[in-house]
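Peer 1: Take this structure, written in C-alpha cells, and hold onto it; I'll ask about it next.
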Amino acid sequence: MSDTTRVTRVAIIGGGIMGVAAQFQLAENGWTDTILFEKAELTSGSTWHAAGQIAHAVGSRIAGWINKTSIETYKRVEKETGQSIGWHEVGGFRIATTDDEVDWMKSIMGVGRLLDLPMDLVGPDEVAKGNPFYKVDNVKAAVQTYEDGHIDPSGVTMALAAATRARGAKIERRNQVLGASRKGDMWCLRTEKGDVLAEHVVIAAGSYANQVGEWFGLKIPSVSCLHHYLVTDRVPEFEGRPELPVMRDNAFGGYIRQEQKSGLIGIYEGHVCPTVWEMPKGAPWAAENELFEADYDSIGDFLMIAFDKMPILAELGIKRVVRGAITHTPDGGMLVGPSGAPNVWLSCGSSIGLAWGGGAGKVLADWMVHGETSINTRSLDPRRYGDFASDHYIVERTKDEFMRRHDTPCPGKQFHSLRPLNRHQLYDRLAAKGAVFGEIAGWERPRYFGDVGEVEQIGWGHQSWHENALAEAQATRATAGVIDLCAFAQFEITGTDAGKLLNRLSANRIPHKDGRMSLNHLLTEKGRFETEITIWRINENRYFTGSPITRANPDFAWIKSHIRPGEDVQMVNRSADWGMLAMSGPASRRILSELTDADLSNAAFPWLSGQEITVAGVPCYALRVSFVGELGWELHALLNRIPELYDALFDVGSAHGLTDLGSYAFNGMRMEKAYRASGELTTDIGPFDVGLERFVVTEGRDFIGKEALLQRDPEWELFYAELQSDDIDIHGGEPVFFRDQIVGLTTSGGYGYTLGKSLGWLFVRKGTPRADIAVRILNETYPVTIHDAPLFDPDNLRPKAED
C-alpha cells in the first residue's frame, strides 16, 4: 500500500442496477464520498438483459413497498436528469385459474390497500377488455393493476448513475476489484488501478457475489439460474392500438407482454432449474454481457401453453431468444443489509433486480446511514441463513425455489427439497407418532400430529388438521403437553463483565439474583427492536439466554460486537449442539417430579426462575416458564440426550395424560395469552409502540437506545383483537380498517383452540377508535372486537400454580 492510496467512505463492488441504485440512495442520504467499481461497463452483468417488469400485484407488504419505492425513485431521477428510463406504465393482470389462486388474488388486494396501490379484483370479462387477444375461458379472477409496467434496464441504470455523479459520487468503469484485506478499521481493496481504503464496502456483485464474499470471509447464499424470454416477430394486431398490459399467469409459469410491436414471453420452468457458475466456483471474471443458448426442450411445453393463452403469437416466428443468468436465493428473497463481517453490506441475490433495485437501495442506505430502516426488513437480512446453509443446500434449495416460483403461495407452503435437512435425534420418534413437520432455519419442528406419513393440507381457511391442533391444545390445557423446540437459539455468556454487557444492552433490568429470569429487549441506537431474549442468571458471572432460532447468528454477532476492549466476557453459541423440550400444563409438575430429586414447589422453584437439575439422569437447565400460559418448564440439554429426556417424560407422563404438541396449537395458545412474538417486535418499531413499557426500566441506568426511545413519540399502537369468523384466521399482513379508512395492518394471529376464538394482533395508527375496527382477509371484511387483557387466564394464575 503506497502513500497514494485513495480513501473513501464507501466502496461499492458491482455496476448493475442494485449497485448503482444503492450508491444513488446513499448520495440522497448525504453520503457522497463513495466509489462504485465495475470491472466492465455498467449493466454488463445481468441487468442489461432483464425484461424489466415492475409489478404492483405482489403478496407481501415489504415486496409491494420495495416495488413502489423503485418506481417512484426511477421516475424522480428521470425528471431530474432528463435521461429516459424507458418507462411503460401499461398496468397488468395477474391471472387466477384455480380456487387457491383466486384466494391468493384476494390476499394481494389487501397488500394493495395497505400501500395505496390502485388495483381491482376483476373477472374474465374485464381481462378480455384489457387484452382482447388473451383467452379467458378458464380465468376465474385476476388482479388488475394500473400504475405498474416495464422499464428499460440500461436507461434507468444510466439515469441513476448520472444523478449520482451529479451529487459528487464517483463511478469507475473498467476497474476490477481484485481482492480485499482488513487494515485496522478499514478495508483495503486491491483494484486494477491501485489500492483503495474504504470504511464500508457494499457487495452488489450479482453473479460474482460468491467469490467476492470470500474475500471478506462470507458465504453468500446466491445462485445464478438461467431464465428464458423470447421476442416474436412483429404482431400485426398490435398496430394502431394502445400497448397491452403485462399478463402474468401461473399456467405457464411466466409472463407475456408487448415489446414495441412484438410479443415477449418469459418462462420459468417448473420442472427444472438450469444453473451456471455454481458454488463455490462462481462466474468467470472474463464474462461480460453473457448469454446462453436457448433450450427449447426445457421450455417447450410451457411455451405451447403460452401460445394457447395468446393465440395471435402462435404462428409467428421467434426473432430473438434471451437466456441469461439471474441470481436467486434459497428462499427467493434478496440479500440486503449487514453481512456479518464488520462494515460489509450486501445488496445482491436479487432475482427481480429492476423491480427491487430502487427500493433495496433505500433500505440499504437507511440502514447504513441512520442505523435503521423505515420498514421491517428481517426477510431481507442476509444473516437469516444459519450454519446449515452449505454450498449444497444453497444450490439445491435455490433450484427448488426457482421451480416453485409460480406456485400459489398458500399459508403453510413449504419447500420439500433436502428434507429433513437437520435430522436431530428426536426426529424419527416424532415421525413415528405422526408428526407433520415444518422447516425453520434448517430444523424440523412438528406442526401437528396426524397419521404417519400424512401430507399437510394448506390453504387460507381452516384445514383438515384444525381438529388435530384443537385436540393437542385442549389436552395440554387439561393435563400437559410437550413440544420439541430443539430449534432454539441458546447462548452462554460468562465472565466478570458479562452482567455489565447484558445490562447496557437491555431495556429491562437483567436479573439481579442468582437463578432468576427476565424478558429483555435489545434495542438499536434509534430505540427500536434489535431482538428479544430471555436471560437467566446462573450466577453473577454466568448467564444463559434464549431467543428464536432464526436469530441465532444475528443475535450472537450483535451481542458479541458490543463487548468492549478489555472486558472479561466469553460467549458460547449452543444453538447447534443443545436442544430444548417445553412441557406445559397443570400436570407438568407431577410428571417432572417423578423424574428428578429437585424440589419443584413454588417456594423452592418459583415462576420465572431456573436451576441446573438432573431429569431421568440427564443434566438439564430447567427454566420455569411457559409460552402457552401454563404451569411448565423448559428443559435445555445436550442435543444427543434429548431423546432420553423425551422418552422418560412419556414413560411417566402417559399415565397423567401427557400429549405431543405441535406449533399450530402452540401458536393458538400463545394468542389466547396475548403474548407478543417476532411479528409484533419488528425492526421499524420499539417497546412503546407495542405496549411493552413494563419491560423498560430507565431510572438510574443507561442502555443502548435509551435516549432515542424516550424521545420517541409512537405513531402506532397494538390492539389485541378477536376476529368475528368461524373458518378463517389472521395470518399477518392484512389491512385493518376503521370504518372505510385503512388505519393499519395485522402482524400475526391464530385460532385460540381452547377458547374457540380466532385472535390476532393489529398495528393501528395511534388514536384510532377501538370500535368499528375490521380486518380485510381475502378481500372480505371481518369485524373485530378489541380486548384489553388476555382472553385466557387474564390474571396469569395458571403459570404460578402450586399444583
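By order of appearance in the C-alpha cells: chains A, B, ..., then residues from 1 within every chain, and ligands from 1 in the order shown.
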Among the residues of stretch 501-693 of chain A, find those DSSP assigns to strand (DSSP E) from the backbone and print them as a PDB file with N, CA and C atoms, in the first residue's frame.
Peer 2:
ATOM      1  N   MET A 517     -34.970 -15.133  36.182  1.00  0.00           N
ATOM      2  CA  MET A 517     -35.066 -14.909  34.740  1.00  0.00           C
ATOM      3  C   MET A 517     -35.763 -13.586  34.459  1.00  0.00           C
ATOM      4  N   SER A 518     -35.503 -13.031  33.265  1.00  0.00           N
ATOM      5  CA  SER A 518     -36.213 -11.826  32.843  1.00  0.00           C
ATOM      6  C   SER A 518     -36.370 -11.838  31.331  1.00  0.00           C
ATOM      7  N   LEU A 519     -37.378 -11.123  30.875  1.00  0.00           N
ATOM      8  CA  LEU A 519     -37.583 -10.910  29.440  1.00  0.00           C
ATOM      9  C   LEU A 519     -36.957  -9.570  29.086  1.00  0.00           C
ATOM     10  N   ASN A 520     -36.090  -9.580  28.089  1.00  0.00           N
ATOM     11  CA  ASN A 520     -35.307  -8.386  27.781  1.00  0.00           C
ATOM     12  C   ASN A 520     -35.342  -8.077  26.289  1.00  0.00           C
ATOM     13  N   HIS A 521     -35.451  -6.781  25.997  1.00  0.00           N
ATOM     14  CA  HIS A 521     -35.427  -6.330  24.611  1.00  0.00           C
ATOM     15  C   HIS A 521     -34.140  -5.552  24.369  1.00  0.00           C
ATOM     16  N   LEU A 522     -33.401  -5.980  23.372  1.00  0.00           N
ATOM     17  CA  LEU A 522     -32.181  -5.289  22.986  1.00  0.00           C
ATOM     18  C   LEU A 522     -32.536  -4.349  21.844  1.00  0.00           C
ATOM     19  N   LEU A 523     -32.184  -3.089  22.012  1.00  0.00           N
ATOM     20  CA  LEU A 523     -32.616  -2.048  21.085  1.00  0.00           C
ATOM     21  C   LEU A 523     -31.455  -1.523  20.259  1.00  0.00           C
ATOM     22  N   PHE A 529     -36.448  -2.194  18.005  1.00  0.00           N
ATOM     23  CA  PHE A 529     -36.101  -3.566  18.361  1.00  0.00           C
ATOM     24  C   PHE A 529     -34.945  -4.096  17.531  1.00  0.00           C
ATOM     25  N   GLU A 530     -33.912  -4.563  18.204  1.00  0.00           N
ATOM     26  CA  GLU A 530     -32.921  -5.416  17.561  1.00  0.00           C
ATOM     27  C   GLU A 530     -33.341  -6.873  17.742  1.00  0.00           C
ATOM     28  N   THR A 531     -33.692  -7.237  18.977  1.00  0.00           N
ATOM     29  CA  THR A 531     -34.154  -8.594  19.226  1.00  0.00           C
ATOM     30  C   THR A 531     -34.780  -8.681  20.609  1.00  0.00           C
ATOM     31  N   GLU A 532     -35.411  -9.807  20.897  1.00  0.00           N
ATOM     32  CA  GLU A 532     -35.954 -10.117  22.220  1.00  0.00           C
ATOM     33  C   GLU A 532     -35.300 -11.398  22.709  1.00  0.00           C
ATOM     34  N   ILE A 533     -34.804 -11.387  23.953  1.00  0.00           N
ATOM     35  CA  ILE A 533     -34.196 -12.585  24.536  1.00  0.00           C
ATOM     36  C   ILE A 533     -34.678 -12.755  25.972  1.00  0.00           C
ATOM     37  N   THR A 534     -34.673 -14.001  26.432  1.00  0.00           N
ATOM     38  CA  THR A 534     -34.810 -14.249  27.865  1.00  0.00           C
ATOM     39  C   THR A 534     -33.409 -14.426  28.442  1.00  0.00           C
ATOM     40  N   ILE A 535     -33.212 -13.909  29.641  1.00  0.00           N
ATOM     41  CA  ILE A 535     -31.912 -14.003  30.306  1.00  0.00           C
ATOM     42  C   ILE A 535     -32.104 -14.702  31.646  1.00  0.00           C
ATOM     43  N   TRP A 536     -31.367 -15.776  31.842  1.00  0.00           N
ATOM     44  CA  TRP A 536     -31.334 -16.485  33.115  1.00  0.00           C
ATOM     45  C   TRP A 536     -29.973 -16.255  33.747  1.00  0.00           C
ATOM     46  N   ARG A 537     -30.000 -15.715  34.956  1.00  0.00           N
ATOM     47  CA  ARG A 537     -28.752 -15.513  35.696  1.00  0.00           C
ATOM     48  C   ARG A 537     -28.441 -16.774  36.500  1.00  0.00           C
ATOM     49  N   ILE A 538     -27.429 -17.499  36.086  1.00  0.00           N
ATOM     50  CA  ILE A 538     -27.000 -18.677  36.817  1.00  0.00           C
ATOM     51  C   ILE A 538     -26.222 -18.241  38.060  1.00  0.00           C
ATOM     52  N   ASN A 539     -25.284 -17.339  37.850  1.00  0.00           N
ATOM     53  CA  ASN A 539     -24.635 -16.622  38.952  1.00  0.00           C
ATOM     54  C   ASN A 539     -24.144 -15.295  38.391  1.00  0.00           C
ATOM     55  N   ARG A 542     -22.238 -15.642  35.140  1.00  0.00           N
ATOM     56  CA  ARG A 542     -22.659 -16.676  34.193  1.00  0.00           C
ATOM     57  C   ARG A 542     -24.144 -16.509  33.869  1.00  0.00           C
ATOM     58  N   TYR A 543     -24.442 -16.391  32.573  1.00  0.00           N
ATOM     59  CA  TYR A 543     -25.808 -16.140  32.124  1.00  0.00           C
ATOM     60  C   TYR A 543     -26.126 -17.065  30.946  1.00  0.00           C
ATOM     61  N   PHE A 544     -27.411 -17.377  30.829  1.00  0.00           N
ATOM     62  CA  PHE A 544     -27.897 -18.223  29.739  1.00  0.00           C
ATOM     63  C   PHE A 544     -29.047 -17.475  29.078  1.00  0.00           C
ATOM     64  N   THR A 545     -29.039 -17.406  27.739  1.00  0.00           N
ATOM     65  CA  THR A 545     -30.083 -16.668  27.030  1.00  0.00           C
ATOM     66  C   THR A 545     -30.772 -17.561  26.013  1.00  0.00           C
ATOM     67  N   GLY A 546     -32.007 -17.220  25.691  1.00  0.00           N
ATOM     68  CA  GLY A 546     -32.771 -17.935  24.676  1.00  0.00           C
ATOM     69  C   GLY A 546     -33.504 -16.960  23.771  1.00  0.00           C
ATOM     70  N   SER A 547     -33.609 -17.302  22.488  1.00  0.00           N
ATOM     71  CA  SER A 547     -34.324 -16.485  21.508  1.00  0.00           C
ATOM     72  C   SER A 547     -34.667 -17.354  20.310  1.00  0.00           C
ATOM     73  N   PRO A 548     -35.470 -16.870  19.364  1.00  0.00           N
ATOM     74  CA  PRO A 548     -35.850 -17.701  18.209  1.00  0.00           C
ATOM     75  C   PRO A 548     -34.629 -18.161  17.410  1.00  0.00           C
ATOM     76  N   GLN A 570     -16.971 -13.934  27.774  1.00  0.00           N
ATOM     77  CA  GLN A 570     -16.852 -15.026  26.818  1.00  0.00           C
ATOM     78  C   GLN A 570     -18.261 -15.453  26.402  1.00  0.00           C
ATOM     79  N   MET A 571     -18.403 -15.807  25.129  1.00  0.00           N
ATOM     80  CA  MET A 571     -19.699 -16.242  24.611  1.00  0.00           C
ATOM     81  C   MET A 571     -19.556 -17.600  23.927  1.00  0.00           C
ATOM     82  N   VAL A 572     -20.514 -18.469  24.192  1.00  0.00           N
ATOM     83  CA  VAL A 572     -20.571 -19.773  23.536  1.00  0.00           C
ATOM     84  C   VAL A 572     -21.974 -19.920  22.932  1.00  0.00           C
ATOM     85  N   ASN A 573     -22.018 -20.222  21.646  1.00  0.00           N
ATOM     86  CA  ASN A 573     -23.293 -20.439  20.962  1.00  0.00           C
ATOM     87  C   ASN A 573     -23.626 -21.926  21.025  1.00  0.00           C
ATOM     88  N   TRP A 578     -27.175 -28.060  21.493  1.00  0.00           N
ATOM     89  CA  TRP A 578     -28.127 -28.195  22.588  1.00  0.00           C
ATOM     90  C   TRP A 578     -29.533 -28.204  22.018  1.00  0.00           C
ATOM     91  N   GLY A 579     -30.437 -28.871  22.723  1.00  0.00           N
ATOM     92  CA  GLY A 579     -31.831 -28.876  22.338  1.00  0.00           C
ATOM     93  C   GLY A 579     -32.716 -28.464  23.505  1.00  0.00           C
ATOM     94  N   MET A 580     -34.023 -28.418  23.253  1.00  0.00           N
ATOM     95  CA  MET A 580     -34.927 -27.987  24.308  1.00  0.00           C
ATOM     96  C   MET A 580     -36.306 -28.622  24.104  1.00  0.00           C
ATOM     97  N   LEU A 581     -36.861 -29.137  25.187  1.00  0.00           N
ATOM     98  CA  LEU A 581     -38.246 -29.582  25.236  1.00  0.00           C
ATOM     99  C   LEU A 581     -38.998 -28.677  26.194  1.00  0.00           C
ATOM    100  N   ALA A 582     -40.177 -28.229  25.791  1.00  0.00           N
ATOM    101  CA  ALA A 582     -41.014 -27.413  26.665  1.00  0.00           C
ATOM    102  C   ALA A 582     -42.239 -28.227  27.063  1.00  0.00           C
ATOM    103  N   MET A 583     -42.397 -28.434  28.361  1.00  0.00           N
ATOM    104  CA  MET A 583     -43.563 -29.161  28.882  1.00  0.00           C
ATOM    105  C   MET A 583     -44.416 -28.186  29.673  1.00  0.00           C
ATOM    106  N   SER A 584     -45.696 -28.124  29.317  1.00  0.00           N
ATOM    107  CA  SER A 584     -46.614 -27.189  29.965  1.00  0.00           C
ATOM    108  C   SER A 584     -47.931 -27.878  30.255  1.00  0.00           C
ATOM    109  N   GLY A 610     -34.747 -20.430  37.231  1.00  0.00           N
ATOM    110  CA  GLY A 610     -34.124 -21.578  36.606  1.00  0.00           C
ATOM    111  C   GLY A 610     -33.166 -22.268  37.557  1.00  0.00           C
ATOM    112  N   GLN A 611     -32.945 -23.547  37.307  1.00  0.00           N
ATOM    113  CA  GLN A 611     -31.994 -24.321  38.099  1.00  0.00           C
ATOM    114  C   GLN A 611     -31.309 -25.345  37.200  1.00  0.00           C
ATOM    115  N   GLU A 612     -30.116 -25.752  37.595  1.00  0.00           N
ATOM    116  CA  GLU A 612     -29.443 -26.880  36.970  1.00  0.00           C
ATOM    117  C   GLU A 612     -29.869 -28.138  37.728  1.00  0.00           C
ATOM    118  N   ILE A 613     -30.610 -29.005  37.059  1.00  0.00           N
ATOM    119  CA  ILE A 613     -31.122 -30.208  37.713  1.00  0.00           C
ATOM    120  C   ILE A 613     -30.849 -31.416  36.813  1.00  0.00           C
ATOM    121  N   THR A 614     -31.069 -32.593  37.344  1.00  0.00           N
ATOM    122  CA  THR A 614     -30.978 -33.832  36.567  1.00  0.00           C
ATOM    123  C   THR A 614     -32.373 -34.416  36.428  1.00  0.00           C
ATOM    124  N   VAL A 615     -32.767 -34.692  35.180  1.00  0.00           N
ATOM    125  CA  VAL A 615     -34.080 -35.267  34.897  1.00  0.00           C
ATOM    126  C   VAL A 615     -33.857 -36.619  34.219  1.00  0.00           C
ATOM    127  N   VAL A 618     -30.464 -37.110  33.019  1.00  0.00           N
ATOM    128  CA  VAL A 618     -29.960 -36.175  32.012  1.00  0.00           C
ATOM    129  C   VAL A 618     -29.758 -34.802  32.664  1.00  0.00           C
ATOM    130  N   PRO A 619     -28.527 -34.283  32.670  1.00  0.00           N
ATOM    131  CA  PRO A 619     -28.317 -32.923  33.199  1.00  0.00           C
ATOM    132  C   PRO A 619     -29.057 -31.908  32.341  1.00  0.00           C
ATOM    133  N   CYS A 620     -29.805 -31.038  32.990  1.00  0.00           N
ATOM    134  CA  CYS A 620     -30.646 -30.067  32.279  1.00  0.00           C
ATOM    135  C   CYS A 620     -30.511 -28.687  32.896  1.00  0.00           C
ATOM    136  N   TYR A 621     -30.691 -27.682  32.067  1.00  0.00           N
ATOM    137  CA  TYR A 621     -31.048 -26.354  32.538  1.00  0.00           C
ATOM    138  C   TYR A 621     -32.572 -26.323  32.525  1.00  0.00           C
ATOM    139  N   ALA A 622     -33.182 -26.260  33.693  1.00  0.00           N
ATOM    140  CA  ALA A 622     -34.643 -26.252  33.798  1.00  0.00           C
ATOM    141  C   ALA A 622     -35.103 -24.830  34.101  1.00  0.00           C
ATOM    142  N   LEU A 623     -35.899 -24.265  33.197  1.00  0.00           N
ATOM    143  CA  LEU A 623     -36.391 -22.892  33.358  1.00  0.00           C
ATOM    144  C   LEU A 623     -37.903 -22.940  33.517  1.00  0.00           C
ATOM    145  N   GLY A 632     -45.305 -24.815  33.831  1.00  0.00           N
ATOM    146  CA  GLY A 632     -44.463 -25.557  32.919  1.00  0.00           C
ATOM    147  C   GLY A 632     -42.989 -25.250  33.060  1.00  0.00           C
ATOM    148  N   TRP A 633     -42.194 -26.060  32.389  1.00  0.00           N
ATOM    149  CA  TRP A 633     -40.741 -25.918  32.396  1.00  0.00           C
ATOM    150  C   TRP A 633     -40.194 -26.083  30.982  1.00  0.00           C
ATOM    151  N   GLU A 634     -39.161 -25.299  30.667  1.00  0.00           N
ATOM    152  CA  GLU A 634     -38.307 -25.585  29.527  1.00  0.00           C
ATOM    153  C   GLU A 634     -37.133 -26.422  30.030  1.00  0.00           C
ATOM    154  N   LEU A 635     -36.826 -27.493  29.320  1.00  0.00           N
ATOM    155  CA  LEU A 635     -35.723 -28.376  29.689  1.00  0.00           C
ATOM    156  C   LEU A 635     -34.670 -28.319  28.581  1.00  0.00           C
ATOM    157  N   HIS A 636     -33.564 -27.640  28.869  1.00  0.00           N
ATOM    158  CA  HIS A 636     -32.474 -27.483  27.913  1.00  0.00           C
ATOM    159  C   HIS A 636     -31.386 -28.507  28.253  1.00  0.00           C
ATOM    160  N   ALA A 637     -30.920 -29.228  27.230  1.00  0.00           N
ATOM    161  CA  ALA A 637     -29.912 -30.263  27.454  1.00  0.00           C
ATOM    162  C   ALA A 637     -29.120 -30.480  26.174  1.00  0.00           C
ATOM    163  N   LEU A 638     -28.039 -31.200  26.290  1.00  0.00           N
ATOM    164  CA  LEU A 638     -27.286 -31.593  25.109  1.00  0.00           C
ATOM    165  C   LEU A 638     -28.215 -32.278  24.116  1.00  0.00           C
ATOM    166  N   LEU A 658     -50.137 -36.985  29.294  1.00  0.00           N
ATOM    167  CA  LEU A 658     -49.201 -36.158  28.528  1.00  0.00           C
ATOM    168  C   LEU A 658     -49.418 -36.368  27.039  1.00  0.00           C
ATOM    169  N   THR A 659     -49.411 -35.262  26.275  1.00  0.00           N
ATOM    170  CA  THR A 659     -49.628 -35.322  24.830  1.00  0.00           C
ATOM    171  C   THR A 659     -48.494 -34.616  24.105  1.00  0.00           C
ATOM    172  N   ASP A 660     -48.331 -34.953  22.831  1.00  0.00           N
ATOM    173  CA  ASP A 660     -47.420 -34.201  21.971  1.00  0.00           C
ATOM    174  C   ASP A 660     -48.129 -32.940  21.488  1.00  0.00           C
TER     175      ASP A 660
END
Peer 1: What lies within 12 Å of A:Leu639 using only C-alpha atoms, ignoring chain neighbours under 6 positions off, as a list in words?
Peer 2: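 So, after excluding close chain neighbours, the residues are Asn422, Arg423, His424, Gln425, Leu426, Tyr427, Asp484, Leu485, Cys486, Ala487, Phe488, Gln490, Arg574, Ser575, Ala576, Asp577, Trp578, Gly579, Met580, Leu581, Val618, Pro619, Cys620, Leu645 and Tyr646 of chain A.
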Peer 1: Mind dumping the selected residues with N, CA and C atoms as a PDB file, in the first residue's frame?
Peer 2:
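Contents of the output file again03.pdb:
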ATOM      1  N   ASN A 422     -31.773 -30.967   8.884  1.00  0.00           N
ATOM      2  CA  ASN A 422     -31.212 -31.285  10.197  1.00  0.00           C
ATOM      3  C   ASN A 422     -32.104 -32.334  10.863  1.00  0.00           C
ATOM      4  N   ARG A 423     -31.669 -33.558  10.815  1.00  0.00           N
ATOM      5  CA  ARG A 423     -32.475 -34.681  11.338  1.00  0.00           C
ATOM      6  C   ARG A 423     -31.953 -34.990  12.741  1.00  0.00           C
ATOM      7  N   HIS A 424     -32.339 -34.180  13.714  1.00  0.00           N
ATOM      8  CA  HIS A 424     -31.820 -34.420  15.053  1.00  0.00           C
ATOM      9  C   HIS A 424     -32.418 -35.703  15.629  1.00  0.00           C
ATOM     10  N   GLN A 425     -31.857 -36.132  16.747  1.00  0.00           N
ATOM     11  CA  GLN A 425     -32.114 -37.497  17.230  1.00  0.00           C
ATOM     12  C   GLN A 425     -33.568 -37.773  17.591  1.00  0.00           C
ATOM     13  N   LEU A 426     -34.365 -36.750  17.813  1.00  0.00           N
ATOM     14  CA  LEU A 426     -35.762 -36.959  18.184  1.00  0.00           C
ATOM     15  C   LEU A 426     -36.661 -37.107  16.950  1.00  0.00           C
ATOM     16  N   TYR A 427     -36.152 -36.783  15.800  1.00  0.00           N
ATOM     17  CA  TYR A 427     -36.978 -36.715  14.594  1.00  0.00           C
ATOM     18  C   TYR A 427     -37.721 -38.024  14.318  1.00  0.00           C
ATOM     19  N   ASP A 484     -41.340 -30.137  20.923  1.00  0.00           N
ATOM     20  CA  ASP A 484     -39.934 -30.147  20.527  1.00  0.00           C
ATOM     21  C   ASP A 484     -39.559 -28.742  20.056  1.00  0.00           C
ATOM     22  N   LEU A 485     -38.733 -28.064  20.845  1.00  0.00           N
ATOM     23  CA  LEU A 485     -38.210 -26.745  20.470  1.00  0.00           C
ATOM     24  C   LEU A 485     -36.686 -26.802  20.385  1.00  0.00           C
ATOM     25  N   CYS A 486     -36.187 -27.918  19.858  1.00  0.00           N
ATOM     26  CA  CYS A 486     -34.731 -28.042  19.722  1.00  0.00           C
ATOM     27  C   CYS A 486     -34.177 -26.961  18.793  1.00  0.00           C
ATOM     28  N   ALA A 487     -34.999 -26.479  17.878  1.00  0.00           N
ATOM     29  CA  ALA A 487     -34.603 -25.337  17.052  1.00  0.00           C
ATOM     30  C   ALA A 487     -34.801 -24.072  17.883  1.00  0.00           C
ATOM     31  N   PHE A 488     -33.768 -23.689  18.594  1.00  0.00           N
ATOM     32  CA  PHE A 488     -33.851 -22.573  19.531  1.00  0.00           C
ATOM     33  C   PHE A 488     -32.450 -21.990  19.684  1.00  0.00           C
ATOM     34  N   GLN A 490     -29.557 -20.585  21.743  1.00  0.00           N
ATOM     35  CA  GLN A 490     -29.139 -20.704  23.139  1.00  0.00           C
ATOM     36  C   GLN A 490     -27.678 -20.271  23.263  1.00  0.00           C
ATOM     37  N   ARG A 574     -24.641 -22.278  21.817  1.00  0.00           N
ATOM     38  CA  ARG A 574     -25.026 -23.678  21.999  1.00  0.00           C
ATOM     39  C   ARG A 574     -26.185 -24.077  21.081  1.00  0.00           C
ATOM     40  N   SER A 575     -26.550 -23.234  20.135  1.00  0.00           N
ATOM     41  CA  SER A 575     -27.758 -23.459  19.341  1.00  0.00           C
ATOM     42  C   SER A 575     -27.699 -24.737  18.516  1.00  0.00           C
ATOM     43  N   ALA A 576     -26.499 -25.158  18.100  1.00  0.00           N
ATOM     44  CA  ALA A 576     -26.382 -26.329  17.230  1.00  0.00           C
ATOM     45  C   ALA A 576     -26.237 -27.638  17.995  1.00  0.00           C
ATOM     46  N   ASP A 577     -25.740 -27.584  19.242  1.00  0.00           N
ATOM     47  CA  ASP A 577     -25.486 -28.842  19.948  1.00  0.00           C
ATOM     48  C   ASP A 577     -26.308 -29.016  21.217  1.00  0.00           C
ATOM     49  N   TRP A 578     -27.175 -28.060  21.493  1.00  0.00           N
ATOM     50  CA  TRP A 578     -28.127 -28.195  22.588  1.00  0.00           C
ATOM     51  C   TRP A 578     -29.533 -28.204  22.018  1.00  0.00           C
ATOM     52  N   GLY A 579     -30.437 -28.871  22.723  1.00  0.00           N
ATOM     53  CA  GLY A 579     -31.831 -28.876  22.338  1.00  0.00           C
ATOM     54  C   GLY A 579     -32.716 -28.464  23.505  1.00  0.00           C
ATOM     55  N   MET A 580     -34.023 -28.418  23.253  1.00  0.00           N
ATOM     56  CA  MET A 580     -34.927 -27.987  24.308  1.00  0.00           C
ATOM     57  C   MET A 580     -36.306 -28.622  24.104  1.00  0.00           C
ATOM     58  N   LEU A 581     -36.861 -29.137  25.187  1.00  0.00           N
ATOM     59  CA  LEU A 581     -38.246 -29.582  25.236  1.00  0.00           C
ATOM     60  C   LEU A 581     -38.998 -28.677  26.194  1.00  0.00           C
ATOM     61  N   VAL A 618     -30.464 -37.110  33.019  1.00  0.00           N
ATOM     62  CA  VAL A 618     -29.960 -36.175  32.012  1.00  0.00           C
ATOM     63  C   VAL A 618     -29.758 -34.802  32.664  1.00  0.00           C
ATOM     64  N   PRO A 619     -28.527 -34.283  32.670  1.00  0.00           N
ATOM     65  CA  PRO A 619     -28.317 -32.923  33.199  1.00  0.00           C
ATOM     66  C   PRO A 619     -29.057 -31.908  32.341  1.00  0.00           C
ATOM     67  N   CYS A 620     -29.805 -31.038  32.990  1.00  0.00           N
ATOM     68  CA  CYS A 620     -30.646 -30.067  32.279  1.00  0.00           C
ATOM     69  C   CYS A 620     -30.511 -28.687  32.896  1.00  0.00           C
ATOM     70  N   LEU A 645     -34.493 -37.835  27.367  1.00  0.00           N
ATOM     71  CA  LEU A 645     -35.370 -36.956  28.135  1.00  0.00           C
ATOM     72  C   LEU A 645     -36.817 -37.101  27.669  1.00  0.00           C
ATOM     73  N   TYR A 646     -36.999 -37.085  26.358  1.00  0.00           N
ATOM     74  CA  TYR A 646     -38.341 -37.212  25.780  1.00  0.00           C
ATOM     75  C   TYR A 646     -38.979 -38.547  26.173  1.00  0.00           C
TER      76      TYR A 646
END
Peer 1: Compile the contact shell of A:Leu115 as a list in words: residues with an atom at most 8 Å away, counting only C-alpha atoms, same-chain residues fewer than 5 positions apart removed.
Peer 2: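 Skipping anything fewer than 5 positions along the chain leaves Arg61, Gly64 and Trp65 of chain A.
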Peer 1: Mind writing the picked residues with N, CA and C atoms as a PDB file, in the first residue's frame?
Peer 2:
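Below is the file that was written, again24.pdb:
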ATOM      1  N   ARG A  61     -46.269  -7.021   2.101  1.00  0.00           N
ATOM      2  CA  ARG A  61     -46.100  -5.583   2.281  1.00  0.00           C
ATOM      3  C   ARG A  61     -44.697  -5.135   1.893  1.00  0.00           C
ATOM      4  N   GLY A  64     -44.308  -5.160  -1.924  1.00  0.00           N
ATOM      5  CA  GLY A  64     -45.044  -4.056  -2.528  1.00  0.00           C
ATOM      6  C   GLY A  64     -44.387  -2.721  -2.275  1.00  0.00           C
ATOM      7  N   TRP A  65     -43.902  -2.523  -1.039  1.00  0.00           N
ATOM      8  CA  TRP A  65     -43.241  -1.263  -0.694  1.00  0.00           C
ATOM      9  C   TRP A  65     -41.967  -1.073  -1.510  1.00  0.00           C
TER      10      TRP A  65
END
Peer 1: Using only C-alpha atoms, which of the listed residues (A:Tyr134, A:Trp104, A:Tyr675, A:Phe695) sits closest to A:Gly750?
Peer 2: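 With only C-alpha atoms as the atom set, the closest residue is A:Tyr675.
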Peer 1: From the options A:Ile256, A:Met368, A:Leu661, A:Met119, which residue's atoms come nearest to A:Gly434, counting only C-alpha atoms?
Peer 2: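 Closest candidate: A:Leu661.
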Peer 1: Can you tell me which residues surround A:Ala789 at a distance of at most 10 Å, considering only C-alpha atoms, apart from same-chain residues fewer than 2 positions away, and format the answer as number ranges by chain?
Peer 2: A: 672-674, 720, 786-787, 791-795
Peer 1: Using DSSP assignments from the backbone, pull out every residue in stretch 496-639 of chain A that falls under alpha helix (DSSP H) and give it to me as a ChimeraX atom specification.
Peer 2: /A:498-505,552-561,588-593
Peer 1: Could you pull the residues within 10 Å of A:Ser593, counting only C-alpha atoms, minus those fewer than 6 positions along the same chain, as an MDAnalysis selection string?
Peer 2: chainID A and resid 599:601 615 652
